[in-house]
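What's in coords_34.cif: mmCIF, C-alpha atoms
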data_protein
#
loop_
_atom_site.group_PDB
_atom_site.id
_atom_site.type_symbol
_atom_site.label_atom_id
_atom_site.label_comp_id
_atom_site.auth_asym_id
_atom_site.auth_seq_id
_atom_site.Cartn_x
_atom_site.Cartn_y
_atom_site.Cartn_z
ATOM 1 C CA MET A 109 9.747 3.035 -26.851
ATOM 2 C CA LYS A 110 7.769 2.895 -23.602
ATOM 3 C CA ARG A 111 8.846 4.708 -20.462
ATOM 4 C CA LEU A 112 7.455 4.409 -16.946
ATOM 5 C CA LEU A 113 7.019 7.135 -14.359
ATOM 6 C CA LEU A 114 6.625 5.325 -11.054
ATOM 7 C CA VAL A 115 4.299 6.818 -8.483
ATOM 8 C CA THR A 116 2.837 5.776 -5.163
ATOM 9 C CA CYS A 117 0.233 3.274 -3.904
ATOM 10 C CA GLY A 118 1.508 0.635 -6.270
ATOM 11 C CA ALA A 119 0.791 2.786 -9.309
ATOM 12 C CA ALA A 120 2.879 3.194 -12.409
ATOM 13 C CA PHE A 121 2.129 5.847 -15.025
ATOM 14 C CA CYS A 122 2.780 4.473 -18.476
ATOM 15 C CA LEU A 123 4.351 7.059 -20.778
ATOM 16 C CA SER A 124 4.521 6.074 -24.417
ATOM 17 C CA ALA A 125 4.140 7.457 -27.901
ATOM 18 C CA ALA A 126 0.376 7.062 -27.501
ATOM 19 C CA ALA A 127 -1.340 9.919 -25.681
ATOM 20 C CA THR A 128 -2.667 8.813 -22.297
ATOM 21 C CA GLU A 129 -4.688 10.668 -19.666
ATOM 22 C CA ILE A 130 -3.208 10.387 -16.156
ATOM 23 C CA GLY A 131 -5.891 8.120 -14.707
ATOM 24 C CA GLU A 132 -5.795 5.657 -17.580
ATOM 25 C CA GLY A 133 -2.005 5.915 -17.632
ATOM 26 C CA ILE A 134 -1.782 4.789 -14.014
ATOM 27 C CA ARG A 135 -4.246 1.946 -14.543
ATOM 28 C CA THR A 136 -2.388 0.839 -17.673
ATOM 29 C CA GLY A 137 0.877 0.825 -15.767
ATOM 30 C CA GLN A 138 -0.632 -1.337 -13.055
ATOM 31 C CA ARG A 139 -2.090 -3.790 -15.576
ATOM 32 C CA VAL A 140 1.319 -4.067 -17.219
ATOM 33 C CA LEU A 141 2.986 -4.658 -13.859
ATOM 34 C CA LEU A 142 0.482 -7.370 -12.944
ATOM 35 C CA GLN A 143 1.135 -9.120 -16.248
ATOM 36 C CA LYS A 144 4.909 -8.906 -15.892
ATOM 37 C CA THR A 145 5.157 -10.276 -12.355
ATOM 38 C CA ARG A 146 5.568 -14.020 -12.032
ATOM 39 C CA ALA A 147 3.063 -15.949 -9.948
ATOM 40 C CA SER A 148 4.683 -17.886 -7.124
ATOM 41 C CA ASP A 149 5.085 -21.632 -7.615
ATOM 42 C CA ASN A 150 5.929 -22.116 -3.930
ATOM 43 C CA ALA A 151 2.764 -23.930 -2.871
ATOM 44 C CA GLU A 152 3.591 -23.799 0.833
ATOM 45 C CA ALA A 153 4.223 -20.050 0.793
ATOM 46 C CA VAL A 154 1.059 -19.395 -1.195
ATOM 47 C CA GLN A 155 -0.966 -21.471 1.270
ATOM 48 C CA ILE A 156 0.429 -19.580 4.275
ATOM 49 C CA ILE A 157 -0.155 -16.168 2.732
ATOM 50 C CA THR A 158 -3.621 -17.082 1.474
ATOM 51 C CA ALA A 159 -4.620 -18.197 4.960
ATOM 52 C CA SER A 160 -3.531 -14.829 6.378
ATOM 53 C CA PHE A 161 -5.366 -12.973 3.612
ATOM 54 C CA GLU A 162 -8.585 -14.911 4.162
ATOM 55 C CA HIS A 163 -8.313 -14.377 7.915
ATOM 56 C CA LEU A 164 -8.179 -10.621 7.342
ATOM 57 C CA LEU A 165 -11.146 -10.707 4.988
ATOM 58 C CA ALA A 166 -13.153 -12.640 7.573
ATOM 59 C CA VAL A 167 -12.280 -10.091 10.241
ATOM 60 C CA ARG A 168 -13.001 -7.196 7.891
ATOM 61 C CA GLY A 169 -16.470 -8.422 6.984
ATOM 62 C CA ALA A 170 -18.288 -6.783 4.079
ATOM 63 C CA GLY A 171 -16.108 -4.586 1.913
ATOM 64 C CA GLN A 172 -14.657 -3.990 -1.519
ATOM 65 C CA PRO A 173 -14.193 -7.108 -3.681
ATOM 66 C CA VAL A 174 -10.504 -7.967 -3.568
ATOM 67 C CA THR A 175 -8.279 -10.772 -4.804
ATOM 68 C CA LEU A 176 -4.789 -11.891 -3.810
ATOM 69 C CA ARG A 177 -1.799 -12.359 -6.109
ATOM 70 C CA VAL A 178 1.309 -13.983 -4.629
ATOM 71 C CA THR A 179 4.398 -13.435 -6.749
ATOM 72 C CA SER A 180 8.008 -14.545 -6.714
ATOM 73 C CA ASP A 181 9.510 -11.307 -8.019
ATOM 74 C CA SER A 182 7.818 -8.252 -6.493
ATOM 75 C CA ALA A 183 9.992 -6.117 -4.260
ATOM 76 C CA SER A 184 7.184 -5.059 -1.947
ATOM 77 C CA GLY A 185 3.458 -5.287 -1.397
ATOM 78 C CA GLU A 186 1.247 -3.354 -3.772
ATOM 79 C CA ALA A 187 -2.439 -2.509 -4.061
ATOM 80 C CA MET A 188 -3.301 -2.826 -7.725
ATOM 81 C CA LEU A 189 -6.237 -1.491 -9.777
ATOM 82 C CA GLY A 190 -8.272 -0.902 -6.636
ATOM 83 C CA ALA A 191 -8.984 -4.624 -6.404
ATOM 84 C CA VAL A 192 -5.810 -6.735 -6.137
ATOM 85 C CA VAL A 193 -3.421 -7.173 -3.212
ATOM 86 C CA MET A 194 -0.071 -8.235 -4.641
ATOM 87 C CA VAL A 195 2.595 -9.539 -2.264
ATOM 88 C CA ASP A 196 5.822 -11.453 -2.614
ATOM 89 C CA GLU A 197 6.080 -15.062 -1.489
ATOM 90 C CA SER A 198 8.866 -14.051 0.914
ATOM 91 C CA ILE A 199 6.360 -12.673 3.432
ATOM 92 C CA ALA A 200 5.363 -16.266 4.203
ATOM 93 C CA ALA A 201 8.537 -16.429 6.304
ATOM 94 C CA LEU A 202 7.534 -13.442 8.454
ATOM 95 C CA PRO A 203 5.967 -13.853 11.891
ATOM 96 C CA GLU A 204 2.191 -14.074 11.523
ATOM 97 C CA ASP A 205 1.473 -10.644 13.010
ATOM 98 C CA GLU A 206 3.876 -8.911 10.615
ATOM 99 C CA ARG A 207 2.524 -10.809 7.621
ATOM 100 C CA LEU A 208 -0.995 -9.790 8.592
ATOM 101 C CA PHE A 209 0.033 -6.147 8.807
ATOM 102 C CA GLU A 210 1.785 -6.206 5.433
ATOM 103 C CA ILE A 211 -1.369 -7.556 3.785
ATOM 104 C CA ALA A 212 -3.751 -5.396 5.832
ATOM 105 C CA HIS A 213 -1.872 -2.240 4.811
ATOM 106 C CA GLU A 214 -2.398 -3.022 1.113
ATOM 107 C CA LEU A 215 -6.001 -3.977 1.813
ATOM 108 C CA GLY A 216 -6.392 -0.537 3.370
ATOM 109 C CA HIS A 217 -5.339 1.144 0.137
ATOM 110 C CA ILE A 218 -8.158 -0.704 -1.620
ATOM 111 C CA GLU A 219 -10.836 -0.246 1.026
ATOM 112 C CA LEU A 220 -10.107 3.471 1.274
ATOM 113 C CA ALA A 221 -10.193 3.998 -2.516
ATOM 114 C CA HIS A 222 -6.645 5.326 -2.560
ATOM 115 C CA LEU A 223 -6.112 4.711 -6.258
ATOM 116 C CA GLU A 224 -8.938 7.073 -7.199
ATOM 117 C CA ARG A 225 -7.838 9.602 -4.594
ATOM 118 C CA GLN A 226 -4.278 9.467 -5.887
ATOM 119 C CA ILE A 227 -5.434 10.060 -9.440
ATOM 120 C CA ALA A 228 -7.521 13.016 -8.228
ATOM 121 C CA ILE A 229 -4.415 14.511 -6.587
ATOM 122 C CA TYR A 230 -2.473 14.326 -9.864
ATOM 123 C CA ARG A 231 -5.368 15.709 -11.902
ATOM 124 C CA GLN A 232 -5.252 18.884 -9.835
ATOM 125 C CA TYR A 233 -1.938 19.579 -11.572
ATOM 126 C CA VAL A 234 -2.229 18.025 -15.038
ATOM 127 C CA GLY A 235 -5.988 18.110 -15.635
ATOM 128 C CA ALA A 236 -7.101 16.040 -18.606
ATOM 129 C CA SER A 237 -3.834 16.485 -20.498
ATOM 130 C CA GLU A 238 -2.682 13.568 -22.656
ATOM 131 C CA ASP A 239 0.774 15.040 -23.291
ATOM 132 C CA ASP A 240 3.095 12.562 -21.600
ATOM 133 C CA VAL A 241 6.065 14.947 -21.501
ATOM 134 C CA TYR A 242 3.955 17.714 -19.955
ATOM 135 C CA ILE A 243 2.518 15.282 -17.375
ATOM 136 C CA ALA A 244 5.952 13.998 -16.356
ATOM 137 C CA ARG A 245 7.491 17.472 -16.113
ATOM 138 C CA THR A 246 4.521 18.907 -14.231
ATOM 139 C CA LEU A 247 4.351 16.111 -11.663
ATOM 140 C CA ASN A 248 8.093 16.218 -11.098
ATOM 141 C CA ALA A 249 8.011 20.021 -10.708
ATOM 142 C CA HIS A 250 5.187 19.931 -8.145
ATOM 143 C CA ALA A 251 6.156 16.765 -6.246
ATOM 144 C CA LEU A 252 6.886 18.642 -3.021
ATOM 145 C CA GLU A 253 3.448 20.286 -3.150
ATOM 146 C CA PHE A 254 1.431 17.092 -3.386
ATOM 147 C CA SER A 255 3.820 15.007 -1.284
ATOM 148 C CA PRO A 256 1.875 15.558 1.995
ATOM 149 C CA ALA A 257 -1.341 14.313 0.382
ATOM 150 C CA LEU A 258 0.377 11.141 -0.868
ATOM 151 C CA GLN A 259 2.039 10.544 2.492
ATOM 152 C CA ALA A 260 -1.360 10.872 4.164
ATOM 153 C CA LEU A 261 -2.625 7.932 2.104
ATOM 154 C CA GLU A 262 0.152 5.739 3.514
ATOM 155 C CA LEU A 263 -0.678 6.774 7.070
ATOM 156 C CA GLU A 264 -4.344 5.994 6.444
ATOM 157 C CA ALA A 265 -3.464 2.536 5.119
ATOM 158 C CA ASP A 266 -1.273 1.928 8.176
ATOM 159 C CA ALA A 267 -4.122 2.941 10.476
ATOM 160 C CA TYR A 268 -6.605 0.759 8.612
ATOM 161 C CA GLY A 269 -4.269 -2.217 8.917
ATOM 162 C CA GLN A 270 -3.657 -1.568 12.606
ATOM 163 C CA ARG A 271 -7.375 -1.409 13.357
ATOM 164 C CA LEU A 272 -7.906 -4.741 11.613
ATOM 165 C CA LEU A 273 -5.104 -6.312 13.636
ATOM 166 C CA LEU A 274 -6.674 -5.098 16.871
ATOM 167 C CA ARG A 275 -9.498 -7.541 16.154
ATOM 168 C CA ILE A 276 -7.118 -10.499 15.924
ATOM 169 C CA PRO A 277 -5.740 -12.040 19.142
ATOM 170 C CA ASP A 278 -1.956 -11.687 19.502
ATOM 171 C CA ALA A 279 -1.652 -9.625 16.313
ATOM 172 C CA GLU A 280 -2.029 -6.073 17.583
ATOM 173 C CA GLN A 281 1.735 -5.464 17.615
ATOM 174 C CA GLY A 282 2.189 -6.510 13.980
ATOM 175 C CA GLY A 283 2.703 -3.007 12.630
ATOM 176 C CA ILE A 284 5.072 -2.077 15.446
ATOM 177 C CA HIS A 285 7.139 -5.206 14.880
ATOM 178 C CA THR A 286 7.230 -4.553 11.123
ATOM 179 C CA PHE A 287 8.754 -1.093 11.483
ATOM 180 C CA GLU A 288 11.121 -2.225 14.202
ATOM 181 C CA ARG A 289 12.354 -5.043 11.974
ATOM 182 C CA ASN A 290 12.875 -2.805 8.952
ATOM 183 C CA GLY A 291 14.712 -0.132 10.923
ATOM 184 C CA TYR A 292 14.768 3.562 10.092
ATOM 185 C CA VAL A 293 13.678 4.481 6.569
ATOM 186 C CA ARG A 294 13.728 8.162 5.667
ATOM 187 C CA ALA A 295 10.695 9.851 4.173
ATOM 188 C CA ASP A 296 10.344 10.211 0.426
ATOM 189 C CA PHE A 297 7.811 12.193 -1.601
ATOM 190 C CA SER A 298 5.133 9.510 -1.220
ATOM 191 C CA HIS A 299 5.922 7.832 2.116
ATOM 192 C CA PRO A 300 6.466 9.314 5.587
ATOM 193 C CA SER A 301 9.536 8.214 7.514
ATOM 194 C CA SER A 302 9.283 4.902 9.310
ATOM 195 C CA HIS A 303 9.715 6.816 12.586
ATOM 196 C CA GLU A 304 6.583 8.881 11.949
ATOM 197 C CA ARG A 305 4.632 5.817 10.849
ATOM 198 C CA LEU A 306 5.669 3.922 13.971
ATOM 199 C CA LEU A 307 4.655 6.784 16.254
ATOM 200 C CA ARG A 308 1.253 7.028 14.555
ATOM 201 C CA LEU A 309 0.651 3.310 15.066
ATOM 202 C CA LEU A 310 1.565 3.553 18.741
ATOM 203 C CA THR A 311 -1.263 6.045 19.255
ATOM 204 C CA LEU A 312 -3.744 3.435 17.998
ATOM 205 C CA LEU A 313 -2.751 0.736 20.457
ATOM 206 C CA PRO A 314 -4.906 0.187 23.553
ATOM 207 C CA VAL A 315 -3.525 1.810 26.676
ATOM 208 C CA PRO A 316 -2.064 -0.908 28.939
ATOM 209 C CA PRO A 317 -4.247 -1.457 32.029
ATOM 210 C CA ASP A 318 -1.565 -0.250 34.448
ATOM 211 C CA LEU A 319 -1.094 3.027 32.529
ATOM 212 C CA ALA A 320 -4.841 3.502 32.218
ATOM 213 C CA ALA A 321 -5.123 3.255 36.005
ATOM 214 C CA LEU A 322 -2.434 5.929 36.429
ATOM 215 C CA ALA A 323 -4.291 8.252 34.040
ATOM 216 C CA HIS A 324 -7.198 8.326 36.452
#
Could I get this structure in the form of structure tokens?
Amino acid sequence: MKRLLLVTCGAAFCLSAAATEIGEGIRTGQRVLLQKTRASDNAEAVQIITASFEHLLAVRGAGQPVTLRVTSDSASGEAMLGAVVMVDESIAALPEDERLFEIAHELGHIELAHLERQIAIYRQYVGASEDDVYIARTLNAHALEFSPALQALELEADAYGQRLLLRIPDAEQGGIHTFERNGYVRADFSHPSSHERLLRLLTLLPVPPDLAALAH
């Protein structure tokens, strides 16, 4: 009987009777998740989201090869296998700047090689072990130790997304609006609190001209 240990950056570690090293376990979990999610049949939503995705790629310029998967049953955006941005069709209803930020954040995970960095964090604790029980117990026991490193990946993805939005007219507030809309969300072992994430984004915004004048 298969079991799943969910981890961050869209990863899922697949624990089963078959021995699996942590890196391959995470990749297997993500492949399974991609196969299980249902592709959206809402043509209008897919068109809207695809347009936002392609806009971001055009602004980004050269970078990692990446594809888009729009689903009808994923709870949140995910960066999968270091190459796929998976988002739910519901983000088509968001204001354009917020939709851009949601996609740009996941694109950041891919561009910044967060999957490989996440695996490296876990390997510091479990090495090359293929004992699924040992891996699960070890990661759970040390979660508070590697939590800051995982949270840092989320902040990096936020910053990447914000910098992309700064290149798009009328989109620079997308991250701010996203966190304001979602309200306060407390930190967990892989994500900083929404308050911290919002404050970090504010530091990346251009200083308004009137405040810049006062600074001098």
Next on the checklist: Please determine, counting all atoms listed in the file, which residue among A:Tyr230, A:Val140, A:Val195, A:Arg275 has the shortest atom-to-atom distance to Ala244 of chain A.
Outcome noted: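 Closest to Ala244 of chain A of all the choices is A:Tyr230.
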Checklist entry - Which is closer to Leu261 of chain A than all the others in A:Gly216, A:Gly235, A:Gly291, A:Gly190, using all atoms listed in the file? => result A:Gly216
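Pairwise distance (atom CA of Leu223 of chain A, atom CA of Gln138 of chain A) equals 10.6 Å.
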Item to check | Polymer residues at most 9 Å from Leu306 of chain A, only C-alpha atoms, same-chain spacing of 6 or more positions, as a PyMOL selection string | outcome: chain A and resi 283-284+287-288
Item to check | Residue contacts of Glu262 of chain A (9 Å, only C-alpha atoms) excluding same-chain residues fewer than 6 positions away, as a list in words | outcome: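 Surrounding residues, per the criterion: Cys117, His213, His217, Ser298, His299, Pro300 and Arg305 of chain A.
Among A:Gly269, A:Leu220, A:Leu310, A:Val234, the residue with the shortest atom-to-atom distance to Ala249 of chain A, counting all atoms listed in the file, is A:Val234.
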Item to check | Interatomic distance, atom CA of Asp196 of chain A to atom CA of Ser148 of chain A (Å, one decimal) | outcome: 7.9 Å
Next on the checklist: Could you list, as number ranges by chain, every residue matched by the PyMOL selection byres ((chain A and resi 163) around 12) in this structure?
Outcome noted: A: 156-162, 164-169, 204-205, 207-209, 211-212, 272-273, 275-277, 279
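Relative to atom CA of Thr311 of chain A, atom CA of Leu274 of chain A is found at 12.6 Å.
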Next on the checklist: Taking all atoms listed in the file into account, name the residue in A:Ser237, A:Gln155, A:Ser301, A:Gln281 that is nearest to Arg177 of chain A.
Outcome noted: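 Selected residue with least distance to Arg177 of chain A: A:Gln155.
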Item to check | Selection dump of the PyMOL selection byres ((chain A and resi 145) around 8), as an MDAnalysis selection string | outcome: chainID A and resid 141:144 146:147 179:182
Next on the checklist: If the PyMOL selection byres ((chain A and resi 218) around 9) were run on this exact file, what residues would it hold? Put them as a list in words.
Outcome noted: Gln172, Val174, Ala187, Met188, Leu189, Gly190, Ala191, Val192, Val193, Glu214, Leu215, Gly216, His217, Glu219, Leu220, Ala221, His222, Leu223 and Ala265 of chain A
What would the file look like if the residues just selected were written as an mmCIF file, in the frame of the given file with C-alpha atoms?
data_model
loop_
_atom_site.group_PDB
_atom_site.id
_atom_site.type_symbol
_atom_site.label_atom_id
_atom_site.label_comp_id
_atom_site.auth_asym_id
_atom_site.auth_seq_id
_atom_site.Cartn_x
_atom_site.Cartn_y
_atom_site.Cartn_z
ATOM 1 C CA GLN A 172 -14.657 -3.990 -1.519
ATOM 2 C CA VAL A 174 -10.504 -7.967 -3.568
ATOM 3 C CA ALA A 187 -2.439 -2.509 -4.061
ATOM 4 C CA MET A 188 -3.301 -2.826 -7.725
ATOM 5 C CA LEU A 189 -6.237 -1.491 -9.777
ATOM 6 C CA GLY A 190 -8.272 -0.902 -6.636
ATOM 7 C CA ALA A 191 -8.984 -4.624 -6.404
ATOM 8 C CA VAL A 192 -5.810 -6.735 -6.137
ATOM 9 C CA VAL A 193 -3.421 -7.173 -3.212
ATOM 10 C CA GLU A 214 -2.398 -3.022 1.113
ATOM 11 C CA LEU A 215 -6.001 -3.977 1.813
ATOM 12 C CA GLY A 216 -6.392 -0.537 3.370
ATOM 13 C CA HIS A 217 -5.339 1.144 0.137
ATOM 14 C CA GLU A 219 -10.836 -0.246 1.026
ATOM 15 C CA LEU A 220 -10.107 3.471 1.274
ATOM 16 C CA ALA A 221 -10.193 3.998 -2.516
ATOM 17 C CA HIS A 222 -6.645 5.326 -2.560
ATOM 18 C CA LEU A 223 -6.112 4.711 -6.258
ATOM 19 C CA ALA A 265 -3.464 2.536 5.119
#
Fix up segment 196-222 of chain A with N, CA and C atoms, then write it as an mmCIF file, in the coordinates of the input.
data_model
loop_
_atom_site.group_PDB
_atom_site.id
_atom_site.type_symbol
_atom_site.label_atom_id
_atom_site.label_comp_id
_atom_site.auth_asym_id
_atom_site.auth_seq_id
_atom_site.Cartn_x
_atom_site.Cartn_y
_atom_site.Cartn_z
ATOM 1 N N ASP A 196 4.795 -10.485 -2.256
ATOM 2 C CA ASP A 196 5.822 -11.453 -2.614
ATOM 3 C C ASP A 196 5.749 -12.675 -1.705
ATOM 4 N N GLU A 197 6.119 -13.810 -2.249
ATOM 5 C CA GLU A 197 6.080 -15.062 -1.489
ATOM 6 C C GLU A 197 6.956 -15.020 -0.241
ATOM 7 N N SER A 198 7.939 -14.119 -0.215
ATOM 8 C CA SER A 198 8.866 -14.051 0.914
ATOM 9 C C SER A 198 8.178 -13.699 2.226
ATOM 10 N N ILE A 199 7.006 -13.049 2.171
ATOM 11 C CA ILE A 199 6.360 -12.673 3.432
ATOM 12 C C ILE A 199 5.807 -13.894 4.171
ATOM 13 N N ALA A 200 5.789 -15.040 3.515
ATOM 14 C CA ALA A 200 5.363 -16.266 4.203
ATOM 15 C C ALA A 200 6.300 -16.596 5.357
ATOM 16 N N ALA A 201 7.549 -16.137 5.265
ATOM 17 C CA ALA A 201 8.537 -16.429 6.304
ATOM 18 C C ALA A 201 8.456 -15.456 7.475
ATOM 19 N N LEU A 202 7.665 -14.410 7.363
ATOM 20 C CA LEU A 202 7.534 -13.442 8.454
ATOM 21 C C LEU A 202 6.711 -14.023 9.590
ATOM 22 N N PRO A 203 6.896 -13.501 10.810
ATOM 23 C CA PRO A 203 5.967 -13.853 11.891
ATOM 24 C C PRO A 203 4.546 -13.508 11.468
ATOM 25 N N GLU A 204 3.572 -14.246 11.960
ATOM 26 C CA GLU A 204 2.191 -14.074 11.523
ATOM 27 C C GLU A 204 1.693 -12.644 11.683
ATOM 28 N N ASP A 205 2.009 -11.996 12.806
ATOM 29 C CA ASP A 205 1.473 -10.644 13.010
ATOM 30 C C ASP A 205 2.019 -9.649 11.984
ATOM 31 N N GLU A 206 3.293 -9.806 11.607
ATOM 32 C CA GLU A 206 3.876 -8.911 10.615
ATOM 33 C C GLU A 206 3.310 -9.194 9.225
ATOM 34 N N ARG A 207 3.117 -10.459 8.906
ATOM 35 C CA ARG A 207 2.524 -10.809 7.621
ATOM 36 C C ARG A 207 1.106 -10.242 7.512
ATOM 37 N N LEU A 208 0.349 -10.347 8.578
ATOM 38 C CA LEU A 208 -0.995 -9.790 8.592
ATOM 39 C C LEU A 208 -0.975 -8.284 8.363
ATOM 40 N N PHE A 209 -0.028 -7.595 8.984
ATOM 41 C CA PHE A 209 0.033 -6.147 8.807
ATOM 42 C C PHE A 209 0.410 -5.777 7.383
ATOM 43 N N GLU A 210 1.375 -6.489 6.818
ATOM 44 C CA GLU A 210 1.785 -6.206 5.433
ATOM 45 C C GLU A 210 0.588 -6.312 4.489
ATOM 46 N N ILE A 211 -0.206 -7.360 4.654
ATOM 47 C CA ILE A 211 -1.369 -7.556 3.785
ATOM 48 C C ILE A 211 -2.461 -6.541 4.123
ATOM 49 N N ALA A 212 -2.688 -6.311 5.407
ATOM 50 C CA ALA A 212 -3.751 -5.396 5.832
ATOM 51 C C ALA A 212 -3.481 -3.974 5.356
ATOM 52 N N HIS A 213 -2.214 -3.570 5.315
ATOM 53 C CA HIS A 213 -1.872 -2.240 4.811
ATOM 54 C C HIS A 213 -2.312 -2.093 3.354
ATOM 55 N N GLU A 214 -2.004 -3.086 2.523
ATOM 56 C CA GLU A 214 -2.398 -3.022 1.113
ATOM 57 C C GLU A 214 -3.918 -3.110 0.970
ATOM 58 N N LEU A 215 -4.542 -3.904 1.815
ATOM 59 C CA LEU A 215 -6.001 -3.977 1.813
ATOM 60 C C LEU A 215 -6.599 -2.609 2.146
ATOM 61 N N GLY A 216 -5.933 -1.880 3.024
ATOM 62 C CA GLY A 216 -6.392 -0.537 3.370
ATOM 63 C C GLY A 216 -6.398 0.396 2.171
ATOM 64 N N HIS A 217 -5.369 0.314 1.335
ATOM 65 C CA HIS A 217 -5.339 1.144 0.137
ATOM 66 C C HIS A 217 -6.575 0.894 -0.729
ATOM 67 N N ILE A 218 -6.997 -0.366 -0.797
ATOM 68 C CA ILE A 218 -8.158 -0.704 -1.620
ATOM 69 C C ILE A 218 -9.449 -0.256 -0.952
ATOM 70 N N GLU A 219 -9.602 -0.581 0.313
ATOM 71 C CA GLU A 219 -10.836 -0.246 1.026
ATOM 72 C C GLU A 219 -11.068 1.265 1.093
ATOM 73 N N LEU A 220 -9.999 2.021 1.140
ATOM 74 C CA LEU A 220 -10.107 3.471 1.274
ATOM 75 C C LEU A 220 -10.048 4.195 -0.069
ATOM 76 N N ALA A 221 -10.146 3.434 -1.158
ATOM 77 C CA ALA A 221 -10.193 3.998 -2.516
ATOM 78 C C ALA A 221 -9.000 4.906 -2.806
ATOM 79 N N HIS A 222 -7.809 4.480 -2.404
ATOM 80 C CA HIS A 222 -6.645 5.326 -2.560
ATOM 81 C C HIS A 222 -6.217 5.509 -4.010
#
